[in-house]
$ cat query-v3.pdb   # PDB, C-alpha atoms
ATOM      1  CA  MET A  20     -28.828 -76.961 -87.107
ATOM      2  CA  SER A  21     -31.611 -78.642 -85.130
ATOM      3  CA  TYR A  22     -33.686 -77.112 -82.349
ATOM      4  CA  ALA A  23     -35.528 -78.950 -79.578
ATOM      5  CA  PHE A  24     -39.309 -78.650 -79.386
ATOM      6  CA  PRO A  25     -41.973 -80.504 -77.354
ATOM      7  CA  THR A  26     -43.092 -83.785 -78.884
ATOM      8  CA  GLY A  27     -46.198 -84.338 -76.773
ATOM      9  CA  GLY A  28     -47.519 -87.859 -76.473
ATOM     10  CA  LEU A  29     -48.100 -89.669 -73.189
ATOM     11  CA  PRO A  30     -45.707 -91.948 -71.262
ATOM     12  CA  ASP A  31     -46.416 -95.633 -70.857
ATOM     13  CA  GLN A  32     -48.506 -96.591 -67.822
ATOM     14  CA  ALA A  33     -45.515 -98.495 -66.463
ATOM     15  CA  ASP A  34     -43.340 -95.372 -66.355
ATOM     16  CA  ASN A  35     -42.355 -93.839 -63.026
ATOM     17  CA  PRO A  36     -44.164 -90.474 -62.649
ATOM     18  CA  GLU A  37     -41.277 -88.981 -60.671
ATOM     19  CA  SER A  38     -39.634 -86.199 -62.698
ATOM     20  CA  ALA A  39     -37.056 -83.455 -62.513
ATOM     21  CA  ALA A  40     -39.695 -80.706 -62.433
ATOM     22  CA  ILE A  41     -38.993 -78.052 -59.800
ATOM     23  CA  PHE A  42     -40.951 -75.014 -58.653
ATOM     24  CA  THR A  43     -39.493 -72.705 -56.016
ATOM     25  CA  SER A  44     -39.935 -69.082 -55.009
ATOM     26  CA  ALA A  45     -36.803 -68.165 -57.021
ATOM     27  CA  TYR A  46     -36.964 -70.380 -60.116
ATOM     28  CA  ALA A  47     -38.801 -73.164 -61.897
ATOM     29  CA  VAL A  48     -37.624 -76.028 -64.105
ATOM     30  CA  ILE A  49     -40.135 -77.545 -66.515
ATOM     31  CA  PRO A  50     -38.445 -80.606 -68.079
ATOM     32  CA  ALA A  51     -39.166 -81.747 -71.614
ATOM     33  CA  SER A  52     -40.597 -84.961 -70.114
ATOM     34  CA  THR A  53     -43.529 -83.021 -68.639
ATOM     35  CA  MET A  54     -44.561 -81.332 -71.908
ATOM     36  CA  ARG A  55     -47.237 -83.857 -72.846
ATOM     37  CA  ASP A  56     -50.492 -83.667 -74.788
ATOM     38  CA  ILE A  57     -52.661 -83.222 -71.704
ATOM     39  CA  VAL A  58     -50.933 -80.013 -70.591
ATOM     40  CA  THR A  59     -51.409 -78.116 -73.857
ATOM     41  CA  SER A  60     -53.805 -75.208 -74.285
ATOM     42  CA  ALA A  61     -56.065 -74.277 -77.183
ATOM     43  CA  LEU A  62     -55.964 -70.568 -78.068
ATOM     44  CA  PRO A  63     -58.897 -68.349 -79.128
ATOM     45  CA  ASN A  64     -58.840 -67.302 -82.796
ATOM     46  CA  TRP A  65     -56.280 -69.984 -83.677
ATOM     47  CA  ASN A  66     -57.092 -73.146 -85.644
ATOM     48  CA  GLY A  67     -55.132 -76.379 -85.938
ATOM     49  CA  THR A  68     -53.001 -75.187 -83.033
ATOM     50  CA  ARG A  69     -51.983 -76.211 -79.540
ATOM     51  CA  ALA A  70     -49.579 -74.483 -77.163
ATOM     52  CA  TRP A  71     -47.463 -75.381 -74.189
ATOM     53  CA  ILE A  72     -47.637 -72.257 -72.013
ATOM     54  CA  LEU A  73     -44.363 -72.354 -70.119
ATOM     55  CA  ALA A  74     -44.359 -68.981 -68.360
ATOM     56  CA  ARG A  75     -46.953 -66.366 -67.441
ATOM     57  CA  PRO A  76     -46.915 -63.290 -65.222
ATOM     58  CA  MET A  77     -47.457 -64.288 -61.594
ATOM     59  CA  THR A  78     -47.435 -62.049 -58.544
ATOM     60  CA  GLY A  79     -44.331 -62.776 -56.510
ATOM     61  CA  PHE A  80     -42.616 -64.559 -59.382
ATOM     62  CA  ALA A  81     -41.731 -63.557 -62.957
ATOM     63  CA  GLU A  82     -43.927 -60.609 -63.895
ATOM     64  CA  THR A  83     -42.936 -59.227 -67.290
ATOM     65  CA  PHE A  84     -43.545 -61.937 -69.870
ATOM     66  CA  ALA A  85     -45.310 -65.050 -71.109
ATOM     67  CA  GLN A  86     -43.625 -67.778 -73.129
ATOM     68  CA  TYR A  87     -45.226 -70.461 -75.291
ATOM     69  CA  ALA A  88     -44.138 -73.376 -77.457
ATOM     70  CA  VAL A  89     -46.731 -73.350 -80.257
ATOM     71  CA  GLU A  90     -47.457 -76.265 -82.602
ATOM     72  CA  VAL A  91     -49.490 -75.571 -85.750
ATOM     73  CA  ALA A  92     -50.814 -78.266 -88.099
ATOM     74  CA  PRO A  93     -50.641 -77.802 -91.891
ATOM     75  CA  GLY A  94     -53.275 -75.236 -92.860
ATOM     76  CA  GLY A  95     -53.563 -73.910 -89.319
ATOM     77  CA  GLY A  96     -52.731 -70.571 -87.809
ATOM     78  CA  SER A  97     -54.410 -67.302 -86.886
ATOM     79  CA  ASP A  98     -55.393 -63.954 -88.393
ATOM     80  CA  MET A  99     -55.740 -62.535 -84.861
ATOM     81  CA  PRO A 100     -52.948 -64.149 -82.857
ATOM     82  CA  GLU A 101     -52.460 -61.507 -80.164
ATOM     83  CA  PRO A 102     -55.373 -60.448 -77.899
ATOM     84  CA  ASP A 103     -53.439 -57.580 -76.234
ATOM     85  CA  SER A 104     -52.777 -54.548 -78.451
ATOM     86  CA  GLY A 105     -50.020 -53.431 -76.064
ATOM     87  CA  ALA A 106     -48.027 -56.666 -76.431
ATOM     88  CA  GLU A 107     -44.891 -57.127 -78.513
ATOM     89  CA  ALA A 108     -43.702 -60.529 -79.675
ATOM     90  CA  GLY A 109     -40.547 -62.481 -80.352
ATOM     91  CA  LEU A 110     -41.042 -65.562 -82.563
ATOM     92  CA  PHE A 111     -38.362 -68.238 -83.030
ATOM     93  CA  VAL A 112     -39.011 -71.166 -85.376
ATOM     94  CA  ALA A 113     -37.862 -74.609 -84.219
ATOM     95  CA  LYS A 114     -39.300 -76.730 -87.058
ATOM     96  CA  GLY A 115     -41.394 -76.373 -90.182
ATOM     97  CA  ALA A 116     -42.140 -73.132 -92.032
ATOM     98  CA  LEU A 117     -43.928 -70.103 -90.572
ATOM     99  CA  THR A 118     -45.703 -67.700 -92.906
ATOM    100  CA  LEU A 119     -45.801 -64.376 -91.065
ATOM    101  CA  THR A 120     -47.595 -61.229 -92.207
ATOM    102  CA  VAL A 121     -47.020 -58.011 -90.229
ATOM    103  CA  ASP A 122     -48.777 -54.819 -91.338
ATOM    104  CA  GLY A 123     -49.049 -56.219 -94.863
ATOM    105  CA  VAL A 124     -45.435 -57.418 -95.115
ATOM    106  CA  GLN A 125     -45.208 -61.191 -95.617
ATOM    107  CA  SER A 126     -42.193 -63.395 -94.909
ATOM    108  CA  THR A 127     -41.513 -67.097 -94.495
ATOM    109  CA  LEU A 128     -39.359 -68.238 -91.600
ATOM    110  CA  MET A 129     -37.739 -71.658 -91.561
ATOM    111  CA  ALA A 130     -36.109 -73.440 -88.603
ATOM    112  CA  GLY A 131     -33.770 -70.974 -86.915
ATOM    113  CA  GLY A 132     -35.723 -67.968 -88.145
ATOM    114  CA  TYR A 133     -36.583 -65.120 -85.766
ATOM    115  CA  ALA A 134     -39.090 -62.277 -86.033
ATOM    116  CA  TYR A 135     -39.854 -59.272 -83.852
ATOM    117  CA  VAL A 136     -43.438 -58.007 -83.956
ATOM    118  CA  PRO A 137     -44.026 -54.575 -82.389
ATOM    119  CA  ALA A 138     -46.967 -53.775 -80.134
ATOM    120  CA  GLY A 139     -50.064 -52.625 -82.013
ATOM    121  CA  ALA A 140     -49.094 -54.313 -85.284
ATOM    122  CA  VAL A 141     -51.679 -56.169 -87.354
ATOM    123  CA  TRP A 142     -50.227 -59.607 -87.908
ATOM    124  CA  SER A 143     -51.027 -63.195 -88.763
ATOM    125  CA  VAL A 144     -49.369 -66.621 -88.558
ATOM    126  CA  LYS A 145     -50.004 -69.464 -90.992
ATOM    127  CA  ASN A 146     -48.592 -72.922 -91.629
ATOM    128  CA  ASP A 147     -48.741 -73.167 -95.409
ATOM    129  CA  GLY A 148     -46.342 -76.105 -95.538
ATOM    130  CA  PRO A 149     -46.917 -79.881 -95.430
ATOM    131  CA  ASP A 150     -45.237 -80.438 -92.051
ATOM    132  CA  LEU A 151     -45.958 -79.474 -88.465
ATOM    133  CA  LEU A 152     -44.825 -75.976 -87.546
ATOM    134  CA  GLY A 153     -43.243 -75.494 -84.126
ATOM    135  CA  PHE A 154     -42.210 -72.089 -82.848
ATOM    136  CA  HIS A 155     -41.465 -70.313 -79.594
ATOM    137  CA  TRP A 156     -43.570 -67.230 -78.852
ATOM    138  CA  ILE A 157     -42.496 -64.699 -76.234
ATOM    139  CA  ARG A 158     -45.025 -62.009 -75.299
ATOM    140  CA  LYS A 159     -44.348 -58.847 -73.305
ATOM    141  CA  ARG A 160     -46.252 -55.612 -72.690
ATOM    142  CA  TYR A 161     -44.170 -52.946 -74.417
ATOM    143  CA  GLN A 162     -42.996 -50.105 -72.188
ATOM    144  CA  PRO A 163     -42.900 -46.849 -74.225
ATOM    145  CA  THR A 164     -40.599 -44.104 -73.040
ATOM    146  CA  VAL A 165     -40.272 -40.402 -73.831
ATOM    147  CA  GLY A 166     -37.859 -39.632 -76.659
ATOM    148  CA  LEU A 167     -37.723 -43.138 -78.130
ATOM    149  CA  ALA A 168     -39.783 -44.411 -81.043
ATOM    150  CA  MET A 169     -41.240 -47.884 -81.008
ATOM    151  CA  PRO A 170     -39.065 -50.601 -82.567
ATOM    152  CA  ASP A 171     -39.750 -51.680 -86.127
ATOM    153  CA  HIS A 172     -40.772 -55.151 -87.253
ATOM    154  CA  PHE A 173     -37.890 -57.230 -88.567
ATOM    155  CA  THR A 174     -36.963 -60.802 -89.422
ATOM    156  CA  THR A 175     -33.586 -62.525 -89.233
ATOM    157  CA  SER A 176     -32.227 -65.956 -88.345
ATOM    158  CA  ASP A 177     -29.767 -67.837 -86.187
ATOM    159  CA  ALA A 178     -27.649 -68.601 -89.272
ATOM    160  CA  GLN A 179     -27.366 -65.004 -90.476
ATOM    161  CA  THR A 180     -26.749 -63.418 -87.072
ATOM    162  CA  PRO A 181     -23.087 -63.515 -85.998
ATOM    163  CA  MET A 182     -22.158 -64.762 -82.549
ATOM    164  CA  THR A 183     -20.581 -62.300 -80.129
ATOM    165  CA  HIS A 184     -17.964 -64.040 -78.001
ATOM    166  CA  MET A 185     -17.687 -63.076 -74.378
ATOM    167  CA  PRO A 186     -14.282 -61.734 -73.295
ATOM    168  CA  ASP A 187     -11.727 -63.885 -71.493
ATOM    169  CA  CYS A 188     -13.485 -67.187 -72.215
ATOM    170  CA  ASP A 189     -11.258 -68.706 -74.937
ATOM    171  CA  GLY A 190     -14.182 -68.814 -77.392
ATOM    172  CA  LYS A 191     -16.278 -71.140 -75.256
ATOM    173  CA  TRP A 192     -19.145 -68.696 -74.504
ATOM    174  CA  ALA A 193     -20.976 -66.694 -77.158
ATOM    175  CA  THR A 194     -24.291 -64.913 -77.648
ATOM    176  CA  THR A 195     -26.363 -64.595 -80.816
ATOM    177  CA  ARG A 196     -28.102 -61.237 -80.396
ATOM    178  CA  PHE A 197     -31.101 -60.610 -82.630
ATOM    179  CA  VAL A 198     -31.268 -56.987 -81.401
ATOM    180  CA  ASP A 199     -28.420 -54.489 -81.080
ATOM    181  CA  PRO A 200     -27.870 -54.018 -77.310
ATOM    182  CA  ASP A 201     -27.417 -50.271 -77.908
ATOM    183  CA  ASP A 202     -30.874 -49.910 -79.472
ATOM    184  CA  LEU A 203     -32.774 -48.585 -76.461
ATOM    185  CA  ARG A 204     -36.087 -48.692 -78.294
ATOM    186  CA  HIS A 205     -36.188 -52.375 -77.356
ATOM    187  CA  ASP A 206     -37.271 -53.269 -73.815
ATOM    188  CA  MET A 207     -36.709 -57.000 -74.242
ATOM    189  CA  HIS A 208     -33.995 -59.124 -75.797
ATOM    190  CA  VAL A 209     -34.365 -62.614 -77.203
ATOM    191  CA  ASN A 210     -30.933 -64.179 -77.709
ATOM    192  CA  ILE A 211     -29.376 -67.581 -78.261
ATOM    193  CA  VAL A 212     -26.585 -68.372 -75.822
ATOM    194  CA  THR A 213     -24.000 -70.988 -76.854
ATOM    195  CA  PHE A 214     -21.430 -72.784 -74.703
ATOM    196  CA  GLN A 215     -18.887 -75.146 -76.168
ATOM    197  CA  PRO A 216     -18.318 -78.351 -74.148
ATOM    198  CA  GLY A 217     -16.720 -77.402 -70.849
ATOM    199  CA  GLY A 218     -17.661 -73.730 -71.266
ATOM    200  CA  ARG A 219     -19.238 -72.010 -68.328
ATOM    201  CA  ILE A 220     -20.613 -68.876 -66.744
ATOM    202  CA  PRO A 221     -17.743 -68.468 -64.277
ATOM    203  CA  PHE A 222     -19.664 -66.535 -61.623
ATOM    204  CA  ALA A 223     -23.162 -66.549 -60.181
ATOM    205  CA  GLU A 224     -25.007 -63.909 -62.207
ATOM    206  CA  THR A 225     -27.393 -62.011 -59.923
ATOM    207  CA  HIS A 226     -29.328 -59.226 -61.654
ATOM    208  CA  ILE A 227     -32.629 -57.442 -62.172
ATOM    209  CA  MET A 228     -33.569 -59.166 -65.443
ATOM    210  CA  GLU A 229     -36.142 -61.951 -65.457
ATOM    211  CA  HIS A 230     -35.377 -64.932 -67.662
ATOM    212  CA  GLY A 231     -37.020 -67.628 -69.695
ATOM    213  CA  LEU A 232     -34.470 -70.200 -70.959
ATOM    214  CA  TYR A 233     -35.493 -72.955 -73.377
ATOM    215  CA  VAL A 234     -32.714 -75.485 -74.065
ATOM    216  CA  LEU A 235     -32.355 -75.893 -77.837
ATOM    217  CA  GLU A 236     -29.567 -78.495 -77.778
ATOM    218  CA  GLY A 237     -26.882 -80.017 -75.588
ATOM    219  CA  THR A 238     -26.640 -80.576 -71.858
ATOM    220  CA  ALA A 239     -25.412 -78.653 -68.835
ATOM    221  CA  GLU A 240     -25.395 -78.389 -65.112
ATOM    222  CA  TYR A 241     -27.168 -75.136 -64.300
ATOM    223  CA  LEU A 242     -26.906 -73.241 -61.021
ATOM    224  CA  LEU A 243     -30.314 -71.901 -59.992
ATOM    225  CA  ASN A 244     -30.264 -70.021 -56.683
ATOM    226  CA  LYS A 245     -28.389 -72.570 -54.505
ATOM    227  CA  ASP A 246     -29.125 -75.699 -56.551
ATOM    228  CA  TRP A 247     -27.206 -77.361 -59.391
ATOM    229  CA  VAL A 248     -29.732 -78.833 -61.847
ATOM    230  CA  LYS A 249     -29.022 -81.073 -64.867
ATOM    231  CA  VAL A 250     -30.774 -79.826 -68.017
ATOM    232  CA  GLY A 251     -30.980 -80.999 -71.612
ATOM    233  CA  PRO A 252     -32.808 -80.481 -74.931
ATOM    234  CA  GLY A 253     -36.379 -79.239 -74.517
ATOM    235  CA  ASP A 254     -36.060 -78.313 -70.830
ATOM    236  CA  PHE A 255     -37.302 -74.877 -69.772
ATOM    237  CA  MET A 256     -36.073 -72.705 -66.908
ATOM    238  CA  TRP A 257     -37.946 -69.729 -65.491
ATOM    239  CA  LEU A 258     -35.969 -67.318 -63.292
ATOM    240  CA  ARG A 259     -37.293 -64.403 -61.298
ATOM    241  CA  ALA A 260     -35.255 -61.214 -60.869
ATOM    242  CA  PHE A 261     -32.057 -61.565 -58.802
ATOM    243  CA  CYS A 262     -32.038 -65.380 -58.831
ATOM    244  CA  PRO A 263     -28.320 -66.368 -58.846
ATOM    245  CA  GLN A 264     -27.433 -68.379 -61.940
ATOM    246  CA  ALA A 265     -24.455 -69.989 -63.676
ATOM    247  CA  CYS A 266     -23.835 -73.031 -65.849
ATOM    248  CA  ILE A 267     -21.249 -75.574 -66.972
ATOM    249  CA  ALA A 268     -21.757 -77.184 -70.385
ATOM    250  CA  THR A 269     -21.438 -80.962 -70.289
ATOM    251  CA  GLY A 270     -21.371 -83.609 -73.014
ATOM    252  CA  SER A 271     -19.580 -83.507 -76.358
ATOM    253  CA  SER A 272     -21.757 -81.030 -78.290
ATOM    254  CA  PRO A 273     -22.542 -77.326 -77.789
ATOM    255  CA  PHE A 274     -25.083 -76.326 -75.152
ATOM    256  CA  ARG A 275     -27.501 -73.725 -76.576
ATOM    257  CA  TYR A 276     -30.588 -72.067 -75.195
ATOM    258  CA  LEU A 277     -33.117 -69.436 -76.246
ATOM    259  CA  LEU A 278     -32.997 -66.620 -73.679
ATOM    260  CA  TYR A 279     -35.557 -63.930 -72.837
ATOM    261  CA  LYS A 280     -34.715 -60.958 -70.638
ATOM    262  CA  ASP A 281     -36.285 -57.571 -69.926
ATOM    263  CA  VAL A 282     -33.881 -54.660 -70.498
ATOM    264  CA  ASN A 283     -33.363 -50.911 -70.996
ATOM    265  CA  ARG A 284     -36.052 -49.501 -68.707
ATOM    266  CA  HIS A 285     -36.205 -47.989 -65.229
ATOM    267  CA  PRO A 286     -37.877 -50.294 -62.710
ATOM    268  CA  ALA A 287     -41.324 -49.117 -61.684
ATOM    269  CA  LEU A 288     -41.354 -47.627 -58.183
ATOM    270  CA  VAL A 289     -44.979 -48.556 -57.570
ATOM    271  CA  LEU A 290     -45.955 -52.225 -57.556
ATOM    272  CA  PRO A 291     -48.774 -53.118 -59.956
TER     273      PRO A 291
END
$ encode --input "query-v3.pdb" --output "structure tokens"
Amino acid sequence: MSYAFPTGGLPDQADNPESAAIFTSAYAVIPASTMRDIVTSALPNWNGTRAWILARPMTGFAETFAQYAVEVAPGGGSDMPEPDSGAEAGLFVAKGALTLTVDGVQSTLMAGGYAYVPAGAVWSVKNDGPDLLGFHWIRKRYQPTVGLAMPDHFTTSDAQTPMTHMPDCDGKWATTRFVDPDDLRHDMHVNIVTFQPGGRIPFAETHIMEHGLYVLEGTAEYLLNKDWVKVGPGDFMWLRAFCPQACIATGSSPFRYLLYKDVNRHPALVLP
């Protein structure tokens, strides 16, 4: 299994700067073609690292999460990756090997590996291998609630997590869920959604959850609000709450994307 990840670089001076990037009040599309060297960020307390910051909380837009594509050179990483002690993390490895230590427990995640890091944990990330490490990092302020303990740290992978097929879709639409949907300790889900060629979301989903969607492989036409947008490997979509959405997988290979959504909590009745 291969997973798309930004390649950086810079287009030739003869290239047309027009792109498929879109930013509206309901959604944004950040194509892979825009994820170049000059839009990366360096991060405090990280070495040998650069990050494409694809989503961040913004008033009037998505408000619950930040999402990065992080590239770490051999020998790089961080002993203090997270500056916010109230933030939880979902980490999905696209390439290379990630050495992760959480509260003294060390694991190595290869491409397709996923880890959940709870808020307040002491953790570190290292690239101990010979190749570039590329991983997706989703950050969210954890929302504790009375009667529920905080979630535990865990690691798993795309390969070892079974797909759950959606009903009435002839096997063309499935979700790889890294967290049990009935585990209400979790206030965010990071899933992989898979459509076989021709598979689709057959209605315009319109709901409270915010989304970050990073296309891991394949192509589709994606409905965002009132617009059909063509997306492919490495493209990122950012959807605010209640933005209508649907998709139709195109091409001859599966269409897969990494999906963030906020779940399992009452909406706040006072705006921040």
$ resolve_selection --input "query-v3.pdb" --expression "the PyMOL selection byres ((chain A and resi 60-67) around 7)" --output "list in words"
Val58, Thr59, Thr68, Arg69, Ala70, Trp71, Val91, Ala92, Gly95, Gly96, Ser97, Met99 and Pro100 of chain A
$ resolve_selection --input "query-v3.pdb" --expression "the PyMOL selection byres ((chain A and resi 197) around 10)" --output "list in words"
Gly109, Tyr133, Ala134, Tyr135, Phe173, Thr174, Thr175, Ser176, Asp177, Gln179, Thr180, Pro181, Met182, Thr194, Thr195, Arg196, Val198, Asp199, Pro200, His208, Val209, Asn210 and Ile211 of chain A
$ closest_residue --input "query-v3.pdb" --among "A:Ala260, A:Val212, A:Ile267, A:Ala23" --to "Thr83 of chain A" --atoms "all atoms listed in the file"
A:Ala260
$ residues_around --input "query-v3.pdb" --residues "Thr164 of chain A" --least-positions-apart "3" --cutoff "12 Å" --atoms "all atoms listed in the file" --output "number ranges by chain"
A: 161, 167-170, 203-206, 283-285
$ residues_around --input "query-v3.pdb" --residues "Ala39 of chain A" --least-positions-apart "3" --cutoff "9 Å" --atoms "only C-alpha atoms" --output "NGL selection string"
:A and (48-50 or 52-53 or 248-249)
$ closest_residue --input "query-v3.pdb" --among "A:Ala33, A:Ala178, A:Ala47, A:Leu152" --to "Leu243 of chain A" --atoms "all atoms listed in the file"
A:Ala47
$ atom_distance --input "query-v3.pdb" --atom1 "atom CA of Lys280 of chain A" --atom2 "atom CA of Asp254 of chain A"
17.4 Å
$ residues_near_point --input "query-v3.pdb" --point "(-49.9, -69.0, -88.6)" --cutoff "7 Å" --atoms "only C-alpha atoms" --output "list in words"
Gly95, Gly96, Ser97, Leu117, Thr118, Leu119, Ser143, Val144, Lys145 and Asn146 of chain A
$ residues_around --input "query-v3.pdb" --residues "Leu290 of chain A" --least-positions-apart "6" --cutoff "12 Å" --atoms "only C-alpha atoms" --output "ChimeraX atom specification"
/A:78-79,82
$ resolve_selection --input "query-v3.pdb" --expression "the PyMOL selection byres ((chain A and resi 255-258) around 10)" --output "JSON, numbers by chain"
{"A": [40, 41, 42, 43, 44, 45, 46, 47, 48, 49, 50, 51, 54, 73, 74, 75, 80, 81, 86, 228, 229, 230, 231, 232, 233, 234, 235, 241, 243, 244, 250, 251, 252, 253, 254, 259, 260, 261, 262, 263, 264, 276, 277, 278, 279, 280]}
$ atom_distance --input "query-v3.pdb" --atom1 "atom CA of Ala85 of chain A" --atom2 "atom CA of Asp281 of chain A"
11.8 Å
$ axis_aligned_box --input "query-v3.pdb" --around "segment 163-166 of chain A" --padding-each-side "3 Å" --output "JSON"
{"center_x": -40.4, "center_y": -43.2, "center_z": -74.8, "size_x": 11.0, "size_y": 13.2, "size_z": 9.6}
$ atom_distance --input "query-v3.pdb" --atom1 "atom CA of Glu240 of chain A" --atom2 "atom CA of Ser21 of chain A"
21.0 Å
$ closest_residue --input "query-v3.pdb" --among "A:Ala140, A:Ala268, A:Leu110, A:Ala193" --to "Thr238 of chain A" --atoms "all atoms listed in the file"
A:Ala268
$ closest_residue --input "query-v3.pdb" --among "A:Pro137, A:Gly28, A:Pro102, A:Gly132" --to "Gly153 of chain A" --atoms "only C-alpha atoms"
A:Gly132
$ closest_residue --input "query-v3.pdb" --among "A:Asp246, A:Glu90, A:Asp189, A:Glu236" --to "His155 of chain A" --atoms "only C-alpha atoms"
A:Glu90
$ closest_residue --input "query-v3.pdb" --among "A:Met185, A:Ile157, A:Ala287, A:Ala130" --to "Pro221 of chain A" --atoms "all atoms listed in the file"
A:Met185
$ residues_near_point --input "query-v3.pdb" --point "(-50.9, -50.8, -87.8)" --cutoff "9 Å" --atoms "all atoms listed in the file" --output "list of chain:residue names"
A:Val121, A:Asp122, A:Gly139, A:Ala140, A:Val141, A:Trp142
$ decode --input "query-v3.pdb" --residues "segment 184-199 of chain A" --atoms "N, CA and C atoms" --output "CSV table (one decimal), in the first residue's frame"
chain,number,residue,atom,x,y,z
A,184,HIS,N,-17.8,-2.1,6.0
A,184,HIS,CA,-18.5,-1.7,4.8
A,184,HIS,C,-19.8,-1.0,5.1
A,185,MET,N,-20.1,0.1,4.4
A,185,MET,CA,-21.4,0.8,4.6
A,185,MET,C,-22.5,-0.1,4.1
A,186,PRO,N,-23.7,0.0,4.7
A,186,PRO,CA,-24.8,-0.8,4.2
A,186,PRO,C,-25.3,-0.4,2.8
A,187,ASP,N,-25.9,-1.3,2.1
A,187,ASP,CA,-26.6,-1.0,0.8
A,187,ASP,C,-25.7,-0.3,-0.2
A,188,CYS,N,-24.4,-0.7,-0.3
A,188,CYS,CA,-23.5,0.0,-1.2
A,188,CYS,C,-22.7,-1.1,-2.1
A,189,ASP,N,-23.1,-2.4,-2.0
A,189,ASP,CA,-22.5,-3.4,-2.8
A,189,ASP,C,-21.0,-3.5,-2.6
A,190,GLY,N,-20.5,-3.2,-1.4
A,190,GLY,CA,-19.1,-3.3,-1.1
A,190,GLY,C,-18.2,-2.2,-1.7
A,191,LYS,N,-18.8,-1.1,-2.2
A,191,LYS,CA,-18.0,-0.1,-2.8
A,191,LYS,C,-17.6,1.0,-1.9
A,192,TRP,N,-18.1,1.1,-0.7
A,192,TRP,CA,-17.8,2.2,0.3
A,192,TRP,C,-17.5,1.5,1.6
A,193,ALA,N,-16.3,1.8,2.2
A,193,ALA,CA,-15.9,1.2,3.4
A,193,ALA,C,-15.1,2.2,4.2
A,194,THR,N,-15.1,2.0,5.6
A,194,THR,CA,-14.3,2.9,6.5
A,194,THR,C,-13.4,2.1,7.4
A,195,THR,N,-12.2,2.5,7.4
A,195,THR,CA,-11.2,1.9,8.4
A,195,THR,C,-11.2,2.8,9.6
A,196,ARG,N,-11.7,2.2,10.7
A,196,ARG,CA,-11.9,3.0,11.9
A,196,ARG,C,-10.8,2.6,12.9
A,197,PHE,N,-10.0,3.6,13.2
A,197,PHE,CA,-8.9,3.3,14.2
A,197,PHE,C,-9.4,3.4,15.7
A,198,VAL,N,-10.6,3.9,15.9
A,198,VAL,CA,-11.3,4.0,17.2
A,198,VAL,C,-12.7,3.4,17.1
A,199,ASP,N,-13.0,2.6,18.1
A,199,ASP,CA,-14.4,2.1,18.2
A,199,ASP,C,-15.4,3.3,18.3
